[in-house]
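Let me begin by presenting the structure, written as structure tokens, before commenting on it.
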Amino acid sequence: MDQEMKYVDAVYRCGSFSRAAQELFLTQPALSIAVAKTEARLGMPLFDRTAKPLRLTAAGELYLTKYREIRNLERELEQQLNDLSSLRTGRLRIGGSHYFNSYVLPPVLARFTEKYPGVRLELTETGADRLLSLLYDQEIDLTFNCTEKPKDSFLRTPCFTDTLLLSVPRDSVAGQRMKDHAFTARDILEKRHRLPDAPEVSIEAFADLPYLILTPGNDLRRRSLAMFEEAGIQPRVRMQVSQLVTARHLSAAGLGAAFITDLLITHPEEETLFFRISSPYSVRVFDLVLSDRQYVSHAMQAFSEMMLAYYSSRSRST
């Protein structure tokens, strides 16, 4: 029965039998027959096959609700049994964006693995909105989010702060005009932009530049557009890109200005100047987010404590 439930769940998540069959490494006819047998046993259809993507019937919604309850109980049992081993075994599922997984988590993951080598880490990478959905469905154990004034019931603990900077090609007119207020990559590495008297400038000084903007669904895009609206500016968008790292490198190549975060600066370079923009949107506080409906395992507690301790110490040193 567990297998047939996985088949039905895959068809629902993928929205079609063909995509679900690819995920399950089955042929489409084999998957269709398996789901049809389940429906015949239950005496009612689980999917409205006239809808594209496929839609669950009332019976299908009830079926998958109960499947998730069973699956979550199994996971909770696994976590509680693992807790009896005092973190010698176990599993921890962490969700993060590409930026977070690449630039924020690595030092903490390395420390955690060194201290708890028996705990298996699973890393999921996707957008912030999707990560919260995965947490709600208990597909991951914890994630990170910087939503201001969230309306959900998740358990949130502030754990990490980054600063948004405007990356401007050094040889641009605006860059040269405002260079006395600029930071170099070396300044950023030395955390001079985070000093209390660090210069800030208005985004209006860069109104004439072409911009590299992130695609919809990204928090940094929302903040960038909020800064433009705050200043009454309609930005001239040269290009939209999906990854923050891509915007950083395209800006360094001279294609336009881009909002990035200070953690992306990992080595000195001369192509770009960086500016702190005077706006409340320029500082982000990321929460470590746990589900309020999920058992908090020892592995989740240990990782949370390590994450908070690591970035708290870095904050005190700047």
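Order determines the names: the first chain of the structure tokens is A, the second B, and so forth; residues in each chain are numbered 1 upward, and ligands are numbered 1 upward as they are shown.
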
Go through stretch 192-233 of chain A and flag each residue having an atom no more than 10 Å from stretch 145-162 of chain A; for those, report the closest pair of atoms plus their distance in Å to one decimal, using only C-alpha atoms, ordered by chain and rising number, as CSV.
residue,atom,partner,partner_atom,distance
A:Arg194,CA,A:Asp162,CA,9.8
A:Asp219,CA,A:Cys146,CA,7.8
A:Leu220,CA,A:Cys146,CA,10.0

Report task. Quick one: pick out all strand (DSSP E or B) residues within stretch 26-100 of chain A from a backbone DSSP run and write them as a list in words. Result ->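 Restricting stretch 26-100 of chain A to strand (DSSP E or B) produces Phe47, Asp48, Arg55, Leu56, Gly90, Arg91, Leu92, Arg93, Ile94, Gly95 and Gly96 of chain A.
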
Go ahead and write the residues just picked, C-alpha atoms, as a CSV table (one decimal), in the first residue's frame.
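New file again-v3.csv:
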chain,number,residue,atom,x,y,z
A,47,PHE,CA,-7.9,12.3,-10.2
A,48,ASP,CA,-10.0,14.5,-12.5
A,55,ARG,CA,-6.7,17.8,-10.3
A,56,LEU,CA,-7.5,15.7,-7.3
A,90,GLY,CA,19.9,10.3,12.2
A,91,ARG,CA,18.9,12.5,9.3
A,92,LEU,CA,18.5,16.3,8.9
A,93,ARG,CA,16.8,17.9,5.9
A,94,ILE,CA,17.7,21.5,5.3
A,95,GLY,CA,16.2,23.8,2.7
A,96,GLY,CA,17.8,26.9,1.3

Report task. Rounded to one decimal place, report the atom CA of A:Ser172-atom CA of A:His98 distance in Å. Result -> 29.2 Å

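Among the candidate residues A:Arg120, A:Lys115, A:Arg19, A:Arg248, the one lying nearest to A:Asn82 is A:Arg120, with distances computed using only C-alpha atoms.
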
**Report entry** helix (DSSP H, G or I) per DSSP on the backbone: members of stretch 94-277 of chain A, as a PyMOL selection string
**Finding:** chain A and resi 98-104+106-115+128-136+173-177+179-181+185-189+192-194+203-206+219-231+244-252+262-264

Requested in this report: Take atom CA of A:Ser242 and atom CA of A:Phe206 and report the distance between them in Å, one decimal.
Outcome: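 Atom-to-atom, atom CA of A:Ser242 and atom CA of A:Phe206 are spaced 22.5 Å apart.
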
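Residues within 9 Å of stretch 28-32 of chain A, counting only C-alpha atoms and excluding same-chain residues fewer than 6 positions away, are Tyr7, Val11, Phe17, Ser18, Arg19, Ala20, Ala21 and Gln22 of chain A.
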
Prev. selection, N, CA and C atoms, output as a PDB file, in the first residue's frame:
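This is the output file part.pdb:
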ATOM      1  N   TYR A   7       2.907   6.401  -5.551  1.00  0.00           N
ATOM      2  CA  TYR A   7       2.571   6.618  -6.950  1.00  0.00           C
ATOM      3  C   TYR A   7       1.541   7.736  -7.092  1.00  0.00           C
ATOM      4  N   VAL A  11       2.075  11.503  -8.931  1.00  0.00           N
ATOM      5  CA  VAL A  11       1.233  12.007 -10.019  1.00  0.00           C
ATOM      6  C   VAL A  11       0.664  13.377  -9.658  1.00  0.00           C
ATOM      7  N   PHE A  17       0.826  12.052 -15.528  1.00  0.00           N
ATOM      8  CA  PHE A  17       1.344  10.693 -15.404  1.00  0.00           C
ATOM      9  C   PHE A  17       2.722  10.582 -16.056  1.00  0.00           C
ATOM     10  N   SER A  18       2.932  11.292 -17.155  1.00  0.00           N
ATOM     11  CA  SER A  18       4.202  11.164 -17.866  1.00  0.00           C
ATOM     12  C   SER A  18       5.360  11.690 -17.032  1.00  0.00           C
ATOM     13  N   ARG A  19       5.201  12.878 -16.417  1.00  0.00           N
ATOM     14  CA  ARG A  19       6.288  13.429 -15.595  1.00  0.00           C
ATOM     15  C   ARG A  19       6.505  12.595 -14.333  1.00  0.00           C
ATOM     16  N   ALA A  20       5.396  12.099 -13.738  1.00  0.00           N
ATOM     17  CA  ALA A  20       5.530  11.256 -12.539  1.00  0.00           C
ATOM     18  C   ALA A  20       6.243   9.952 -12.878  1.00  0.00           C
ATOM     19  N   ALA A  21       5.955   9.387 -14.055  1.00  0.00           N
ATOM     20  CA  ALA A  21       6.612   8.143 -14.462  1.00  0.00           C
ATOM     21  C   ALA A  21       8.113   8.353 -14.592  1.00  0.00           C
ATOM     22  N   GLN A  22       8.524   9.507 -15.142  1.00  0.00           N
ATOM     23  CA  GLN A  22       9.952   9.802 -15.260  1.00  0.00           C
ATOM     24  C   GLN A  22      10.602   9.895 -13.886  1.00  0.00           C
TER      25      GLN A  22
END

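Across the structure, atom CA of A:Ser133 and atom CA of A:Ser291 are spaced 10.4 Å apart.
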
Requested in this report: Choose the residue, out of A:Val289, A:Ala253, A:Leu105, A:Leu62, that has the smallest atom-to-atom separation from A:Leu135; count only C-alpha atoms.
Outcome: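 For A:Leu135, the nearest of the candidates is A:Val289.
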
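Closest to A:Asp262 among A:Ala198, A:Ala185, A:Ile70, A:Val237 is A:Ala185, based on only C-alpha atoms.
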
Requested in this report: Would you mind telling me which residue in A:Ala36, A:Leu46, A:Ala205, A:Leu166 lies nearest to A:Ala58 when using only C-alpha atoms?
Outcome: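 Smallest distance to A:Ala58 is found for A:Leu46.
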
**Report entry** 8 Å contact set for A:Ser97, only C-alpha atoms, chain neighbours under 5 positions out, as JSON, numbers by chain
**Finding:** {"A": [125, 126, 127, 128]}

Those same residues - all heavy atoms - I'd like them written as a PDB file, in the first residue's frame.
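Final output, part_24.pdb:
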ATOM      1  N   GLU A 125      17.432  22.696  -2.552  1.00  0.00           N
ATOM      2  CA  GLU A 125      17.671  24.042  -3.061  1.00  0.00           C
ATOM      3  C   GLU A 125      16.533  24.480  -3.971  1.00  0.00           C
ATOM      4  O   GLU A 125      16.270  23.867  -4.997  1.00  0.00           O
ATOM      5  CB  GLU A 125      18.998  24.075  -3.835  1.00  0.00           C
ATOM      6  CG  GLU A 125      19.433  25.463  -4.248  1.00  0.00           C
ATOM      7  CD  GLU A 125      20.858  25.472  -4.752  1.00  0.00           C
ATOM      8  OE1 GLU A 125      21.775  25.280  -3.924  1.00  0.00           O
ATOM      9  OE2 GLU A 125      21.049  25.646  -5.972  1.00  0.00           O
ATOM     10  N   THR A 126      15.851  25.557  -3.582  1.00  0.00           N
ATOM     11  CA  THR A 126      14.774  26.113  -4.396  1.00  0.00           C
ATOM     12  C   THR A 126      14.474  27.517  -3.890  1.00  0.00           C
ATOM     13  O   THR A 126      15.175  28.044  -3.031  1.00  0.00           O
ATOM     14  CB  THR A 126      13.525  25.203  -4.345  1.00  0.00           C
ATOM     15  OG1 THR A 126      12.543  25.677  -5.273  1.00  0.00           O
ATOM     16  CG2 THR A 126      12.916  25.164  -2.955  1.00  0.00           C
ATOM     17  N   GLY A 127      13.428  28.149  -4.439  1.00  0.00           N
ATOM     18  CA  GLY A 127      13.089  29.507  -4.049  1.00  0.00           C
ATOM     19  C   GLY A 127      12.469  29.597  -2.664  1.00  0.00           C
ATOM     20  O   GLY A 127      11.956  28.615  -2.123  1.00  0.00           O
ATOM     21  N   ALA A 128      12.500  30.808  -2.089  1.00  0.00           N
ATOM     22  CA  ALA A 128      12.049  31.012  -0.710  1.00  0.00           C
ATOM     23  C   ALA A 128      10.586  30.624  -0.504  1.00  0.00           C
ATOM     24  O   ALA A 128      10.240  29.980   0.499  1.00  0.00           O
ATOM     25  CB  ALA A 128      12.265  32.472  -0.311  1.00  0.00           C
TER      26      ALA A 128
END

Report task. Tell me, as a ChimeraX atom specification, which residues lie within 10 Å of A:Pro235, counting only C-alpha atoms; anything in the same chain fewer than 2 positions away does not count. Result -> /A:206-213,224-225,228-229,232-233,237-238

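Shortest separation to A:Leu64 among A:Leu308, A:Leu87, A:Lys6, A:Phe259 occurs at residue A:Lys6, atoms counted being only C-alpha atoms.
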
Report task. Can you pull out every residue within 9 Å of stretch 272-278 of chain A, counting only C-alpha atoms, but drop anything in the same chain fewer than 6 positions away, and send it as a VMD selection string? Result -> chain A and resid 163 to 171 175 178 to 179 181 to 185 188 193 198 to 203 227 251 to 254

Write to file, as a compact mmCIF listing (two decimals), in the first residue's frame, the residues of the selection just made, with N, CA, C and O atoms.
# COMPACT_ATOMS: atom_id res chain seq x y z
N THR A 163 23.66 42.55 4.27
CA THR A 163 23.46 43.93 3.82
C THR A 163 23.39 43.96 2.31
O THR A 163 24.26 43.37 1.64
N LEU A 164 22.38 44.61 1.77
CA LEU A 164 22.28 44.75 0.33
C LEU A 164 23.14 45.93 -0.12
O LEU A 164 23.13 46.99 0.49
N LEU A 165 23.87 45.71 -1.18
CA LEU A 165 24.74 46.73 -1.75
C LEU A 165 24.39 46.92 -3.22
O LEU A 165 23.95 45.97 -3.89
N LEU A 166 24.58 48.12 -3.72
CA LEU A 166 24.42 48.35 -5.15
C LEU A 166 25.78 48.19 -5.81
O LEU A 166 26.73 48.91 -5.50
N SER A 167 25.87 47.22 -6.70
CA SER A 167 27.10 46.96 -7.45
C SER A 167 27.06 47.81 -8.73
O SER A 167 26.13 47.70 -9.52
N VAL A 168 28.07 48.65 -8.91
CA VAL A 168 28.11 49.59 -10.04
C VAL A 168 29.44 49.44 -10.77
O VAL A 168 30.50 49.47 -10.13
N PRO A 169 29.44 49.29 -12.09
CA PRO A 169 30.71 49.22 -12.83
C PRO A 169 31.58 50.45 -12.53
O PRO A 169 31.10 51.59 -12.55
N ARG A 170 32.85 50.22 -12.23
CA ARG A 170 33.75 51.29 -11.80
C ARG A 170 33.85 52.42 -12.83
O ARG A 170 33.90 53.59 -12.46
N ASP A 171 33.86 52.07 -14.12
CA ASP A 171 34.07 53.10 -15.13
C ASP A 171 32.78 53.77 -15.61
O ASP A 171 32.81 54.57 -16.52
N GLY A 175 29.29 55.80 -11.31
CA GLY A 175 30.28 55.26 -10.40
C GLY A 175 31.39 56.25 -10.12
O GLY A 175 31.81 56.44 -8.97
N MET A 178 30.16 59.27 -7.97
CA MET A 178 29.88 58.98 -6.56
C MET A 178 31.01 58.20 -5.88
O MET A 178 30.81 57.67 -4.79
N LYS A 179 32.20 58.15 -6.48
CA LYS A 179 33.25 57.27 -5.97
C LYS A 179 33.71 57.62 -4.56
O LYS A 179 34.22 56.75 -3.84
N HIS A 181 31.87 58.05 -2.15
CA HIS A 181 30.97 57.37 -1.22
C HIS A 181 30.98 55.85 -1.43
O HIS A 181 30.16 55.14 -0.85
N ALA A 182 31.90 55.39 -2.25
CA ALA A 182 31.91 53.98 -2.64
C ALA A 182 32.77 53.13 -1.71
O ALA A 182 33.67 53.62 -1.02
N PHE A 183 32.48 51.83 -1.74
CA PHE A 183 33.31 50.83 -1.08
C PHE A 183 33.93 49.95 -2.15
O PHE A 183 33.28 49.61 -3.14
N THR A 184 35.16 49.56 -1.94
CA THR A 184 35.80 48.59 -2.81
C THR A 184 35.50 47.18 -2.28
O THR A 184 34.99 47.02 -1.16
N ALA A 185 35.86 46.20 -3.08
CA ALA A 185 35.69 44.82 -2.62
C ALA A 185 36.50 44.57 -1.35
O ALA A 185 36.05 43.88 -0.43
N ILE A 188 34.65 45.80 1.64
CA ILE A 188 33.56 44.90 2.02
C ILE A 188 34.13 43.70 2.79
O ILE A 188 33.56 43.28 3.81
N HIS A 193 31.83 48.53 5.46
CA HIS A 193 30.48 48.99 5.10
C HIS A 193 29.49 48.79 6.25
O HIS A 193 28.39 49.33 6.22
N ALA A 198 29.48 54.31 8.31
CA ALA A 198 29.66 53.97 6.90
C ALA A 198 28.75 54.85 6.04
O ALA A 198 27.57 55.03 6.36
N PRO A 199 29.27 55.43 4.96
CA PRO A 199 28.46 56.33 4.13
C PRO A 199 27.33 55.60 3.41
O PRO A 199 27.50 54.47 2.94
N GLU A 200 26.18 56.26 3.36
CA GLU A 200 25.04 55.76 2.60
C GLU A 200 24.65 56.81 1.58
O GLU A 200 24.83 58.01 1.79
N VAL A 201 24.11 56.37 0.45
CA VAL A 201 23.70 57.29 -0.60
C VAL A 201 22.28 56.95 -1.04
O VAL A 201 21.79 55.85 -0.82
N SER A 202 21.65 57.90 -1.69
CA SER A 202 20.30 57.68 -2.20
C SER A 202 20.37 56.97 -3.54
O SER A 202 21.27 57.21 -4.35
N ILE A 203 19.41 56.09 -3.79
CA ILE A 203 19.35 55.39 -5.07
C ILE A 203 19.13 56.36 -6.22
O ILE A 203 19.45 56.07 -7.38
N MET A 227 12.79 49.84 -3.13
CA MET A 227 13.71 50.99 -3.03
C MET A 227 13.48 51.97 -4.19
O MET A 227 13.50 53.18 -3.99
N SER A 251 27.25 42.34 -13.53
CA SER A 251 27.54 43.72 -13.15
C SER A 251 29.04 43.98 -13.18
O SER A 251 29.49 45.02 -13.67
N ALA A 252 29.82 43.01 -12.68
CA ALA A 252 31.28 43.16 -12.68
C ALA A 252 31.82 43.24 -14.10
O ALA A 252 32.85 43.88 -14.35
N ALA A 253 31.09 42.62 -15.07
CA ALA A 253 31.51 42.66 -16.47
C ALA A 253 31.11 43.95 -17.16
O ALA A 253 31.43 44.15 -18.33
N GLY A 254 30.40 44.84 -16.43
CA GLY A 254 30.06 46.14 -16.98
C GLY A 254 28.70 46.25 -17.63
O GLY A 254 28.39 47.25 -18.27

Query - Residues near A:Asp141, cut-off 12 Å, only C-alpha atoms, skip fewer than 2 positions along chain, as a VMD selection string - result: chain A and resid 72 75 to 76 79 91 to 96 121 to 124 131 to 139 143 to 144 154 to 155 288 to 301 303 to 304

Dump C-alpha atoms for the selected residues as a PDB file, in the first residue's frame?
ATOM      1  CA  ASN A  72       4.891  12.212   8.901  1.00  0.00           C
ATOM      2  CA  ARG A  75       9.324  10.245  10.059  1.00  0.00           C
ATOM      3  CA  GLU A  76       8.604  11.341  13.612  1.00  0.00           C
ATOM      4  CA  GLN A  79      13.538  10.904  14.471  1.00  0.00           C
ATOM      5  CA  ARG A  91      18.920  12.545   9.279  1.00  0.00           C
ATOM      6  CA  LEU A  92      18.543  16.306   8.903  1.00  0.00           C
ATOM      7  CA  ARG A  93      16.793  17.871   5.888  1.00  0.00           C
ATOM      8  CA  ILE A  94      17.704  21.519   5.316  1.00  0.00           C
ATOM      9  CA  GLY A  95      16.165  23.795   2.693  1.00  0.00           C
ATOM     10  CA  GLY A  96      17.771  26.941   1.310  1.00  0.00           C
ATOM     11  CA  LEU A 121      22.477  15.784   5.840  1.00  0.00           C
ATOM     12  CA  GLU A 122      20.056  16.339   2.949  1.00  0.00           C
ATOM     13  CA  LEU A 123      20.104  19.740   1.254  1.00  0.00           C
ATOM     14  CA  THR A 124      17.168  21.014  -0.816  1.00  0.00           C
ATOM     15  CA  LEU A 131      10.801  26.325   0.765  1.00  0.00           C
ATOM     16  CA  LEU A 132       8.052  27.443   3.138  1.00  0.00           C
ATOM     17  CA  SER A 133       5.603  25.145   1.351  1.00  0.00           C
ATOM     18  CA  LEU A 134       8.033  22.242   1.722  1.00  0.00           C
ATOM     19  CA  LEU A 135       8.397  23.028   5.418  1.00  0.00           C
ATOM     20  CA  TYR A 136       4.621  23.136   5.853  1.00  0.00           C
ATOM     21  CA  ASP A 137       4.312  19.739   4.160  1.00  0.00           C
ATOM     22  CA  GLN A 138       7.181  18.466   6.349  1.00  0.00           C
ATOM     23  CA  GLU A 139       9.311  17.634   3.311  1.00  0.00           C
ATOM     24  CA  THR A 143      14.778  26.494   6.365  1.00  0.00           C
ATOM     25  CA  PHE A 144      15.592  30.213   6.370  1.00  0.00           C
ATOM     26  CA  PHE A 154       6.106  28.781  11.900  1.00  0.00           C
ATOM     27  CA  LEU A 155       8.647  28.882  14.727  1.00  0.00           C
ATOM     28  CA  LEU A 288      15.813  30.075  11.094  1.00  0.00           C
ATOM     29  CA  VAL A 289      12.371  28.559  10.537  1.00  0.00           C
ATOM     30  CA  LEU A 290      10.929  25.349  11.980  1.00  0.00           C
ATOM     31  CA  SER A 291       7.461  23.914  11.541  1.00  0.00           C
ATOM     32  CA  ASP A 292       5.101  24.329  14.470  1.00  0.00           C
ATOM     33  CA  ARG A 293       3.484  20.984  13.561  1.00  0.00           C
ATOM     34  CA  GLN A 294       6.637  18.881  13.549  1.00  0.00           C
ATOM     35  CA  TYR A 295       8.607  17.051  16.208  1.00  0.00           C
ATOM     36  CA  VAL A 296      11.859  18.926  16.845  1.00  0.00           C
ATOM     37  CA  SER A 297      14.593  16.288  16.792  1.00  0.00           C
ATOM     38  CA  HIS A 298      17.942  16.483  18.564  1.00  0.00           C
ATOM     39  CA  ALA A 299      19.619  16.954  15.175  1.00  0.00           C
ATOM     40  CA  MET A 300      17.395  19.947  14.421  1.00  0.00           C
ATOM     41  CA  GLN A 301      18.135  21.436  17.847  1.00  0.00           C
ATOM     42  CA  PHE A 303      22.082  22.403  14.054  1.00  0.00           C
ATOM     43  CA  SER A 304      19.944  25.381  15.082  1.00  0.00           C
TER      44      SER A 304
END
